[in-house]
>>> print(open('entry_5.cif').read())   # mmCIF, C-alpha atoms (C1' of nucleotides)
data_work
loop_
_atom_site.label_atom_id
_atom_site.label_comp_id
_atom_site.auth_asym_id
_atom_site.auth_seq_id
_atom_site.Cartn_x
_atom_site.Cartn_y
_atom_site.Cartn_z
CA MET A 1 4.32 -6.05 -0.44
CA LYS A 2 1.18 -5.18 1.35
CA TYR A 3 2.94 -4.39 4.57
CA SER A 4 5.78 -2.01 3.95
CA HIS A 5 8.27 -2.00 6.79
CA LYS A 6 10.48 0.78 5.55
CA LEU A 7 9.36 3.34 8.09
CA SER A 8 9.60 0.90 10.96
CA ASP A 9 13.02 -0.26 9.86
CA ALA A 10 14.24 3.31 9.53
CA VAL A 11 13.07 4.11 13.04
CA HIS A 12 14.75 0.91 14.16
CA ILE A 13 18.03 2.04 12.65
CA LEU A 14 17.94 5.46 14.27
CA THR A 15 16.94 3.99 17.60
CA PHE A 16 19.65 1.39 17.44
CA VAL A 17 22.33 3.92 16.60
CA GLU A 18 21.39 6.02 19.59
CA ILE A 19 20.77 3.29 22.16
CA CYS A 20 23.87 1.35 21.20
CA LYS A 21 25.97 4.41 20.56
CA ASP A 22 28.91 2.98 22.48
CA GLY A 23 28.71 -0.26 20.53
CA ASP A 24 29.10 -1.06 16.88
CA PRO A 25 26.69 0.78 14.60
CA SER A 26 27.78 -0.97 11.44
CA SER A 27 25.22 -1.97 8.84
CA ASN A 28 25.98 -5.59 9.63
CA THR A 29 25.22 -5.21 13.31
CA ILE A 30 22.10 -3.18 12.69
CA ALA A 31 20.91 -5.67 10.09
CA SER A 32 21.09 -8.45 12.62
CA SER A 33 18.89 -6.46 14.97
CA VAL A 34 16.40 -5.63 12.24
CA GLU A 35 16.75 -9.21 10.99
CA SER A 36 17.23 -7.91 7.52
CA ASN A 37 20.35 -7.66 5.42
CA PRO A 38 23.13 -5.09 5.48
CA SER A 39 22.50 -3.80 1.99
CA LEU A 40 18.90 -2.96 2.76
CA VAL A 41 19.98 -1.23 5.94
CA ARG A 42 22.58 0.77 4.10
CA ARG A 43 20.02 1.89 1.57
CA LEU A 44 17.76 3.18 4.30
CA MET A 45 20.69 4.77 6.12
CA SER A 46 21.62 6.56 2.94
CA LEU A 47 18.16 8.15 2.87
CA LEU A 48 18.43 9.11 6.51
CA VAL A 49 21.80 10.74 5.91
CA LYS A 50 20.41 12.71 2.99
CA ALA A 51 17.55 13.89 5.20
CA ASN A 52 20.04 15.08 7.80
CA LEU A 53 18.95 12.64 10.45
CA LEU A 54 22.14 10.60 10.45
CA THR A 55 25.79 11.34 9.83
CA SER A 56 28.25 8.82 8.53
CA GLN A 57 31.69 8.52 7.01
CA PRO A 58 32.43 6.34 4.01
CA GLY A 59 34.52 3.35 4.93
CA LYS A 60 34.31 4.06 8.65
CA VAL A 61 31.90 2.76 11.22
CA ALA A 62 31.01 6.21 12.48
CA THR A 63 27.28 6.52 12.20
CA LYS A 64 25.62 8.88 14.64
CA LEU A 65 22.44 10.87 14.89
CA ALA A 66 22.84 14.15 13.09
CA ARG A 67 20.90 15.96 15.80
CA PRO A 68 19.47 15.24 19.26
CA ALA A 69 16.78 12.58 19.40
CA GLU A 70 14.42 15.12 20.99
CA THR A 71 14.46 17.11 17.77
CA ILE A 72 13.72 14.21 15.42
CA THR A 73 10.09 13.25 14.97
CA LEU A 74 8.45 10.27 13.39
CA LEU A 75 7.28 12.64 10.67
CA ASP A 76 10.88 13.50 9.86
CA VAL A 77 11.66 9.84 9.37
CA TYR A 78 8.49 9.29 7.37
CA GLN A 79 9.31 12.12 5.01
CA ALA A 80 12.88 10.91 4.65
CA ILE A 81 11.91 7.37 3.78
CA GLU A 82 8.63 7.38 1.95
CA ASP A 83 9.08 8.70 -1.54
CA ASN A 84 5.36 8.71 -1.99
CA GLN A 85 4.14 10.35 1.13
CA GLN A 86 0.42 9.90 0.59
CA LEU A 87 -1.29 7.27 2.67
CA LEU A 88 -4.42 7.31 0.50
CA HIS A 89 -4.50 7.54 -3.26
CA VAL A 90 -7.09 8.75 -5.72
CA ASP A 91 -7.82 6.78 -8.83
CA GLU A 92 -6.34 9.02 -11.49
CA LYS A 93 -8.06 7.23 -14.31
CA THR A 94 -11.74 8.13 -14.14
CA ASN A 95 -14.03 9.11 -16.96
CA PRO A 96 -13.83 12.91 -17.35
CA ARG A 97 -17.08 12.98 -19.31
CA CYS A 98 -19.08 11.78 -16.31
CA ILE A 99 -20.25 14.11 -13.56
CA VAL A 100 -18.75 11.84 -10.96
CA GLY A 101 -15.66 10.72 -12.83
CA GLY A 102 -14.88 14.24 -13.91
CA ASN A 103 -14.86 15.74 -10.43
CA ILE A 104 -14.26 13.08 -7.84
CA GLN A 105 -10.50 13.23 -8.17
CA ASP A 106 -10.36 16.85 -7.05
CA THR A 107 -12.89 16.21 -4.33
CA LEU A 108 -11.07 13.23 -2.91
CA ASN A 109 -7.69 14.94 -3.12
CA VAL A 110 -8.93 17.57 -0.70
CA VAL A 111 -10.42 14.97 1.61
CA TYR A 112 -7.33 12.80 1.51
CA ASP A 113 -5.15 15.82 2.21
CA HIS A 114 -7.03 16.35 5.44
CA VAL A 115 -6.58 12.73 6.44
CA GLN A 116 -2.92 13.00 5.59
CA GLN A 117 -2.60 16.16 7.65
CA ALA A 118 -4.20 14.48 10.64
CA ALA A 119 -1.87 11.51 10.36
CA GLU A 120 1.18 13.71 9.94
CA ASN A 121 0.22 15.85 12.91
CA SER A 122 0.12 12.70 14.95
CA MET A 123 3.49 11.59 13.63
CA ASN A 124 4.93 14.99 14.35
CA GLN A 125 4.10 14.67 18.02
CA VAL A 126 6.24 11.60 18.48
CA THR A 127 9.94 12.20 18.94
CA LEU A 128 12.67 9.66 18.46
CA GLN A 129 13.57 10.26 22.09
CA ALA A 130 10.08 9.23 23.17
CA ILE A 131 10.41 6.03 21.17
CA ILE A 132 13.81 5.34 22.68
CA ASP A 133 12.51 5.99 26.19
CA ASP A 134 9.60 3.65 25.64
CA ILE A 135 11.85 0.91 24.37
CA LEU A 136 14.12 1.28 27.39
CA VAL A 137 11.18 1.22 29.79
CA ARG A 138 9.80 -1.90 28.17
CA ASN A 139 13.19 -3.52 28.29
CA ALA A 140 13.70 -2.63 31.95
CA SER A 141 10.36 -4.15 32.95
CA LYS A 142 11.11 -7.55 31.53
CA MET B 1 0.37 -1.87 -6.28
CA LYS B 2 1.82 1.04 -4.49
CA TYR B 3 -1.23 3.11 -5.18
CA SER B 4 -4.32 1.22 -4.20
CA HIS B 5 -7.47 2.74 -5.61
CA LYS B 6 -9.96 0.53 -3.88
CA LEU B 7 -11.18 3.13 -1.43
CA SER B 8 -11.49 5.80 -4.10
CA ASP B 9 -13.31 3.44 -6.42
CA ALA B 10 -15.70 2.40 -3.67
CA VAL B 11 -16.51 6.03 -2.91
CA HIS B 12 -16.93 6.54 -6.63
CA ILE B 13 -19.47 3.74 -6.79
CA LEU B 14 -21.52 5.02 -3.88
CA THR B 15 -21.42 8.54 -5.22
CA PHE B 16 -22.43 7.45 -8.67
CA VAL B 17 -25.34 5.41 -7.39
CA GLU B 18 -26.69 8.38 -5.47
CA ILE B 19 -26.05 11.14 -8.00
CA CYS B 20 -27.34 9.11 -10.92
CA LYS B 21 -30.11 7.45 -8.97
CA ASP B 22 -32.62 8.09 -11.71
CA GLY B 23 -30.30 6.62 -14.30
CA ASP B 24 -28.77 3.20 -14.73
CA PRO B 25 -26.70 2.01 -11.78
CA SER B 26 -25.59 -1.22 -13.42
CA SER B 27 -22.05 -2.43 -12.93
CA ASN B 28 -21.42 -1.80 -16.61
CA THR B 29 -22.42 1.84 -16.42
CA ILE B 30 -20.52 2.43 -13.21
CA ALA B 31 -17.46 0.72 -14.61
CA SER B 32 -17.43 3.14 -17.52
CA SER B 33 -17.44 6.05 -15.09
CA VAL B 34 -14.68 4.55 -12.99
CA GLU B 35 -12.92 3.51 -16.19
CA SER B 36 -12.46 0.07 -14.79
CA ASN B 37 -14.23 -3.15 -15.62
CA PRO B 38 -17.62 -4.39 -14.46
CA SER B 39 -16.28 -7.40 -12.61
CA LEU B 40 -14.04 -5.28 -10.44
CA VAL B 41 -16.93 -2.95 -9.72
CA ARG B 42 -19.18 -5.83 -8.77
CA ARG B 43 -16.61 -7.15 -6.37
CA LEU B 44 -16.39 -3.81 -4.61
CA MET B 45 -20.17 -3.49 -4.63
CA SER B 46 -20.41 -6.87 -3.01
CA LEU B 47 -18.27 -5.62 -0.12
CA LEU B 48 -20.37 -2.48 0.18
CA VAL B 49 -23.55 -4.54 0.32
CA LYS B 50 -22.08 -6.74 3.04
CA ALA B 51 -21.18 -3.61 5.00
CA ASN B 52 -24.74 -2.38 4.72
CA LEU B 53 -23.88 0.65 2.64
CA LEU B 54 -25.58 -0.54 -0.54
CA THR B 55 -28.60 -2.67 -1.32
CA SER B 56 -28.98 -4.70 -4.46
CA GLN B 57 -31.05 -7.46 -5.95
CA PRO B 58 -29.55 -10.36 -7.87
CA GLY B 59 -30.30 -10.17 -11.54
CA LYS B 60 -31.90 -6.76 -11.28
CA VAL B 61 -30.42 -3.34 -11.76
CA ALA B 62 -31.69 -2.04 -8.46
CA THR B 63 -28.68 -0.79 -6.58
CA LYS B 64 -29.34 1.93 -4.04
CA LEU B 65 -27.73 3.36 -0.96
CA ALA B 66 -28.74 1.32 2.06
CA ARG B 67 -29.03 4.47 4.15
CA PRO B 68 -28.96 8.23 3.68
CA ALA B 69 -25.70 9.69 2.39
CA GLU B 70 -25.53 11.94 5.45
CA THR B 71 -25.11 8.87 7.63
CA ILE B 72 -22.35 7.24 5.62
CA THR B 73 -18.81 8.39 6.34
CA LEU B 74 -15.56 7.85 4.53
CA LEU B 75 -14.52 5.73 7.50
CA ASP B 76 -17.48 3.42 6.88
CA VAL B 77 -16.33 2.90 3.33
CA TYR B 78 -12.74 2.47 4.40
CA GLN B 79 -13.66 -0.21 6.89
CA ALA B 80 -15.89 -1.95 4.37
CA ILE B 81 -13.21 -2.11 1.70
CA GLU B 82 -9.82 -2.38 3.31
CA ASP B 83 -9.32 -5.81 4.77
CA ASN B 84 -6.14 -4.64 6.39
CA GLN B 85 -7.13 -1.41 8.00
CA GLN B 86 -3.72 -0.31 9.19
CA LEU B 87 -2.04 2.48 7.29
CA LEU B 88 1.35 1.86 8.88
CA HIS B 89 2.88 -1.49 9.63
CA VAL B 90 5.49 -2.67 12.08
CA ASP B 91 8.20 -5.01 10.98
CA GLU B 92 7.18 -8.19 12.75
CA LYS B 93 10.49 -9.87 12.18
CA THR B 94 13.01 -8.18 14.44
CA ASN B 95 15.62 -9.80 16.61
CA PRO B 96 14.04 -10.49 20.02
CA ARG B 97 17.44 -10.86 21.65
CA CYS B 98 18.33 -7.23 20.97
CA ILE B 99 17.16 -4.42 23.22
CA VAL B 100 15.80 -2.56 20.23
CA GLY B 101 14.55 -5.50 18.20
CA GLY B 102 12.90 -7.05 21.21
CA ASN B 103 10.83 -4.02 22.13
CA ILE B 104 10.36 -1.76 19.14
CA GLN B 105 7.38 -3.69 17.81
CA ASP B 106 5.31 -2.99 20.89
CA THR B 107 6.50 0.59 20.99
CA LEU B 108 5.65 1.29 17.38
CA ASN B 109 2.32 -0.48 17.56
CA VAL B 110 1.20 2.06 20.15
CA VAL B 111 2.52 4.95 18.12
CA TYR B 112 0.97 3.68 14.90
CA ASP B 113 -2.34 3.17 16.64
CA HIS B 114 -2.40 6.85 17.48
CA VAL B 115 -1.65 7.79 13.90
CA GLN B 116 -4.37 5.43 12.74
CA GLN B 117 -6.81 6.95 15.19
CA ALA B 118 -6.04 10.43 13.94
CA ALA B 119 -6.55 9.38 10.35
CA GLU B 120 -9.77 7.56 11.11
CA ASN B 121 -11.13 10.51 13.06
CA SER B 122 -10.53 12.61 9.99
CA MET B 123 -12.24 10.07 7.76
CA ASN B 124 -15.14 9.87 10.15
CA GLN B 125 -15.81 13.57 9.73
CA VAL B 126 -16.42 13.29 6.02
CA THR B 127 -19.86 12.13 4.96
CA LEU B 128 -20.75 10.72 1.60
CA GLN B 129 -23.21 13.60 1.29
CA ALA B 130 -20.39 16.11 1.68
CA ILE B 131 -18.47 14.38 -1.08
CA ILE B 132 -21.53 14.37 -3.31
CA ASP B 133 -22.17 18.06 -2.64
CA ASP B 134 -18.59 18.93 -3.46
CA ILE B 135 -18.73 17.01 -6.71
CA LEU B 136 -21.93 18.79 -7.69
CA VAL B 137 -20.50 22.20 -6.83
CA ARG B 138 -17.38 21.52 -8.85
CA ASN B 139 -19.47 20.33 -11.74
CA ALA B 140 -21.73 23.40 -11.63
CA SER B 141 -18.79 25.78 -11.72
CA LYS B 142 -17.33 24.40 -14.92
"C1'" DT C 1 -40.34 -20.96 -22.68
"C1'" DT C 2 -36.71 -18.66 -24.70
"C1'" DA C 3 -33.47 -14.94 -25.14
"C1'" DA C 4 -31.04 -11.25 -23.38
"C1'" DC C 5 -29.68 -9.12 -19.60
"C1'" DT C 6 -28.19 -8.67 -14.89
"C1'" DT C 7 -25.77 -9.82 -10.28
"C1'" DG C 8 -22.56 -12.37 -7.47
"C1'" DT C 9 -18.66 -15.14 -7.37
"C1'" DT C 10 -14.45 -17.58 -8.57
"C1'" DA C 11 -10.34 -18.35 -11.14
"C1'" DT C 12 -6.61 -16.79 -13.87
"C1'" DT C 13 -3.33 -13.63 -15.73
"C1'" DA C 14 -0.82 -9.28 -15.85
"C1'" DA C 15 1.30 -5.48 -13.75
"C1'" DC C 16 4.01 -3.70 -10.32
"C1'" DA C 17 5.93 -2.50 -5.61
"C1'" DT C 18 8.83 -4.13 -2.04
"C1'" DA C 19 12.15 -7.35 0.19
"C1'" DG C 20 16.09 -9.77 -0.37
"C1'" DT C 21 20.52 -10.64 -2.40
"C1'" DA C 22 24.78 -9.97 -4.78
"C1'" DA C 23 28.34 -7.26 -6.58
"C1'" DC C 24 31.56 -3.59 -6.74
"C1'" DA C 25 33.87 1.06 -6.60
"C1'" DG C 26 35.62 4.09 -3.12
"C1'" DT C 27 37.34 5.13 1.59
"C1'" DA C 28 39.73 4.19 5.97
"C1'" DA C 29 42.85 1.93 8.87
"C1'" DA C 30 45.99 -1.64 10.48
"C1'" DT D 1 48.70 -4.41 0.89
"C1'" DT D 2 45.14 -6.38 3.17
"C1'" DT D 3 40.90 -6.08 5.48
"C1'" DA D 4 36.58 -4.12 6.42
"C1'" DC D 5 33.24 -0.87 5.85
"C1'" DT D 6 30.14 2.50 3.23
"C1'" DG D 7 27.42 3.85 -0.65
"C1'" DT D 8 25.37 2.52 -4.72
"C1'" DT D 9 23.48 -0.24 -8.47
"C1'" DA D 10 21.56 -4.22 -10.52
"C1'" DC D 11 19.04 -8.27 -10.25
"C1'" DT D 12 15.87 -11.84 -8.40
"C1'" DA D 13 12.09 -13.39 -5.51
"C1'" DT D 14 7.93 -12.60 -3.36
"C1'" DG D 15 3.46 -10.87 -2.67
"C1'" DT D 16 -0.39 -7.61 -3.55
"C1'" DT D 17 -3.54 -5.50 -6.54
"C1'" DA D 18 -5.69 -4.62 -11.14
"C1'" DA D 19 -7.56 -6.57 -15.02
"C1'" DT D 20 -9.86 -10.08 -17.34
"C1'" DA D 21 -12.60 -14.10 -18.25
"C1'" DA D 22 -16.01 -17.31 -17.11
"C1'" DC D 23 -20.16 -19.00 -15.23
"C1'" DA D 24 -24.18 -20.15 -12.12
"C1'" DA D 25 -28.36 -18.01 -10.81
"C1'" DG D 26 -31.92 -14.46 -10.96
"C1'" DT D 27 -34.96 -11.16 -13.72
"C1'" DT D 28 -37.49 -9.32 -17.45
"C1'" DA D 29 -39.67 -9.13 -21.81
"C1'" DA D 30 -41.00 -11.08 -26.03
#
>>> encode(input="entry_5.cif", output="structure tokens")
Amino acid sequence: MKYSHKLSDAVHILTFVEICKDGDPSSNTIASSVESNPSLVRRLMSLLVKANLLTSQPGKVATKLARPAETITLLDVYQAIEDNQQLLHVDEKTNPRCIVGGNIQDTLNVVYDHVQQAAENSMNQVTLQAIIDDILVRNASK
Amino acid sequence: MKYSHKLSDAVHILTFVEICKDGDPSSNTIASSVESNPSLVRRLMSLLVKANLLTSQPGKVATKLARPAETITLLDVYQAIEDNQQLLHVDEKTNPRCIVGGNIQDTLNVVYDHVQQAAENSMNQVTLQAIIDDILVRNASK
DNA sequence: TTAACTTGTTATTAACATAGTAACAGTAAA
DNA sequence: TTTACTGTTACTATGTTAATAACAAGTTAA
């Protein structure tokens, strides 16, 4: 798919768990909010648990944030979800016998790393709490 | 593809045209440096011409940069090549009747715009000339 | 003019990542 | 025991990109 929603859906899950913490944070309920299916949600939740952003108990509907929403950033979620964390990718198959083909990979890797750093810095400045607050404000002003 | 090489290949083309400007900038020659095929290269070149980064003449091997490499940035190439210019994408199919699903799209769009801006600022600071210089330095130190 | 080459474009196929779905073992609780 | 949930795996469907082929139109040289 051109438009990967994994990050957005993962943020959605975390947000839902916190905002509806007195409700029913089952994968079925969350899936109906994401308008996806429970299995997909569970797969993402599994990654979030492994990254220590969520806690859960097998067989029980007991999902909670593993730590306060103020301490979770968008970057945390990004790194938990995206197995390939690079936004830009070099072409790894260029002709090594050409001046350009033989060096451009290293050159672009450095450049792309800077772009990545800039994007990640931006992601690191957004907390889950800020996202939650914004959602609540938007909801209140409807 | 998970790893799109379009941007890298486009930079490769521009770099090749400039570095090998006294040589043969035909799509065949460039394709052998990119280790891709001439048709793919021509398609990318077509986009670069439309974006006023390259000039060419039908039927003639006469491809050149449309303007000095100092005035072309990675962002220019990115915007010329990537039809969808967003690096991150919101899930546009969330449940509007849920507090979270009904507001998270707007919330994330703002957040993602900031990330995009940070990435594009970084891309805008890299000129094609800087990339060319780096390639030449790397090549000289081999 | 012809022949060989190029660009620019379109169409088709192949490769592959992601979304969606189904299934099932294991756990918890009534 | 029955029900419901989690966590995981496998499979299918969908959609994007890479790769390839083909061809009209322009250029150059013989």
>>> interface_residues(input="entry_5.cif", of="chain A", to="chain C", cutoff="9 Å", atoms="only C-alpha atoms (C1' of nucleotides)", output="mmCIF file with C-alpha atoms, in the frame of the given file")
data_model
loop_
_atom_site.group_PDB
_atom_site.id
_atom_site.type_symbol
_atom_site.label_atom_id
_atom_site.label_comp_id
_atom_site.auth_asym_id
_atom_site.auth_seq_id
_atom_site.Cartn_x
_atom_site.Cartn_y
_atom_site.Cartn_z
ATOM 1 C CA MET A 1 4.320 -6.050 -0.440
ATOM 2 C CA LYS A 2 1.180 -5.180 1.350
ATOM 3 C CA TYR A 3 2.940 -4.390 4.570
ATOM 4 C CA SER A 4 5.780 -2.010 3.950
ATOM 5 C CA SER A 36 17.230 -7.910 7.520
ATOM 6 C CA ASN A 37 20.350 -7.660 5.420
ATOM 7 C CA SER A 39 22.500 -3.800 1.990
ATOM 8 C CA LEU A 40 18.900 -2.960 2.760
ATOM 9 C CA GLN A 57 31.690 8.520 7.010
ATOM 10 C CA PRO A 58 32.430 6.340 4.010
ATOM 11 C CA GLY A 59 34.520 3.350 4.930
ATOM 12 C CA LYS A 60 34.310 4.060 8.650
#
>>> interface_residues(input="entry_5.cif", of="chain D", to="chain A", cutoff="6 Å", atoms="only C-alpha atoms (C1' of nucleotides)", output="list in words")
DC5, DT6, DG15 and DT16 of chain D
>>> resolve_selection(input="entry_5.cif", expression="the PyMOL selection byres ((chain A) within 8 of (chain B))", output="JSON, numbers by chain")
{"A": [3, 4, 5, 8, 9, 12, 15, 16, 19, 32, 33, 34, 35, 87, 88, 89, 90, 91, 93, 94, 95, 98, 99, 100, 101, 102, 103, 104, 107, 108, 111, 114, 115, 116, 118, 119, 120, 122, 123, 126, 131, 134, 135, 136, 138, 139]}
>>> write_last_selection(input="entry_5.cif", atoms="C-alpha atoms", output="PDB file, in the frame of the given file")
ATOM      1  CA  TYR A   3       2.940  -4.390   4.570  1.00  0.00           C
ATOM      2  CA  SER A   4       5.780  -2.010   3.950  1.00  0.00           C
ATOM      3  CA  HIS A   5       8.270  -2.000   6.790  1.00  0.00           C
ATOM      4  CA  SER A   8       9.600   0.900  10.960  1.00  0.00           C
ATOM      5  CA  ASP A   9      13.020  -0.260   9.860  1.00  0.00           C
ATOM      6  CA  HIS A  12      14.750   0.910  14.160  1.00  0.00           C
ATOM      7  CA  THR A  15      16.940   3.990  17.600  1.00  0.00           C
ATOM      8  CA  PHE A  16      19.650   1.390  17.440  1.00  0.00           C
ATOM      9  CA  ILE A  19      20.770   3.290  22.160  1.00  0.00           C
ATOM     10  CA  SER A  32      21.090  -8.450  12.620  1.00  0.00           C
ATOM     11  CA  SER A  33      18.890  -6.460  14.970  1.00  0.00           C
ATOM     12  CA  VAL A  34      16.400  -5.630  12.240  1.00  0.00           C
ATOM     13  CA  GLU A  35      16.750  -9.210  10.990  1.00  0.00           C
ATOM     14  CA  LEU A  87      -1.290   7.270   2.670  1.00  0.00           C
ATOM     15  CA  LEU A  88      -4.420   7.310   0.500  1.00  0.00           C
ATOM     16  CA  HIS A  89      -4.500   7.540  -3.260  1.00  0.00           C
ATOM     17  CA  VAL A  90      -7.090   8.750  -5.720  1.00  0.00           C
ATOM     18  CA  ASP A  91      -7.820   6.780  -8.830  1.00  0.00           C
ATOM     19  CA  LYS A  93      -8.060   7.230 -14.310  1.00  0.00           C
ATOM     20  CA  THR A  94     -11.740   8.130 -14.140  1.00  0.00           C
ATOM     21  CA  ASN A  95     -14.030   9.110 -16.960  1.00  0.00           C
ATOM     22  CA  CYS A  98     -19.080  11.780 -16.310  1.00  0.00           C
ATOM     23  CA  ILE A  99     -20.250  14.110 -13.560  1.00  0.00           C
ATOM     24  CA  VAL A 100     -18.750  11.840 -10.960  1.00  0.00           C
ATOM     25  CA  GLY A 101     -15.660  10.720 -12.830  1.00  0.00           C
ATOM     26  CA  GLY A 102     -14.880  14.240 -13.910  1.00  0.00           C
ATOM     27  CA  ASN A 103     -14.860  15.740 -10.430  1.00  0.00           C
ATOM     28  CA  ILE A 104     -14.260  13.080  -7.840  1.00  0.00           C
ATOM     29  CA  THR A 107     -12.890  16.210  -4.330  1.00  0.00           C
ATOM     30  CA  LEU A 108     -11.070  13.230  -2.910  1.00  0.00           C
ATOM     31  CA  VAL A 111     -10.420  14.970   1.610  1.00  0.00           C
ATOM     32  CA  HIS A 114      -7.030  16.350   5.440  1.00  0.00           C
ATOM     33  CA  VAL A 115      -6.580  12.730   6.440  1.00  0.00           C
ATOM     34  CA  GLN A 116      -2.920  13.000   5.590  1.00  0.00           C
ATOM     35  CA  ALA A 118      -4.200  14.480  10.640  1.00  0.00           C
ATOM     36  CA  ALA A 119      -1.870  11.510  10.360  1.00  0.00           C
ATOM     37  CA  GLU A 120       1.180  13.710   9.940  1.00  0.00           C
ATOM     38  CA  SER A 122       0.120  12.700  14.950  1.00  0.00           C
ATOM     39  CA  MET A 123       3.490  11.590  13.630  1.00  0.00           C
ATOM     40  CA  VAL A 126       6.240  11.600  18.480  1.00  0.00           C
ATOM     41  CA  ILE A 131      10.410   6.030  21.170  1.00  0.00           C
ATOM     42  CA  ASP A 134       9.600   3.650  25.640  1.00  0.00           C
ATOM     43  CA  ILE A 135      11.850   0.910  24.370  1.00  0.00           C
ATOM     44  CA  LEU A 136      14.120   1.280  27.390  1.00  0.00           C
ATOM     45  CA  ARG A 138       9.800  -1.900  28.170  1.00  0.00           C
ATOM     46  CA  ASN A 139      13.190  -3.520  28.290  1.00  0.00           C
TER      47      ASN A 139
END
>>> resolve_selection(input="entry_5.cif", expression="the PyMOL selection byres ((chain A and resi 76) around 12)", output="ChimeraX atom specification")
/A:7,10-11,14,47-54,67,69-75,77-82,85,120-128
>>> atom_distance(input="entry_5.cif", atom1="C1' of DA24 (chain D)", atom2="CA of Pro38 (chain B)")
17.2 Å
>>> atom_distance(input="entry_5.cif", atom1="CA of Glu18 (chain B)", atom2="CA of Gln129 (chain B)")
9.2 Å
>>> atom_distance(input="entry_5.cif", atom1="C1' of DA19 (chain D)", atom2="CA of Leu44 (chain B)")
13.9 Å
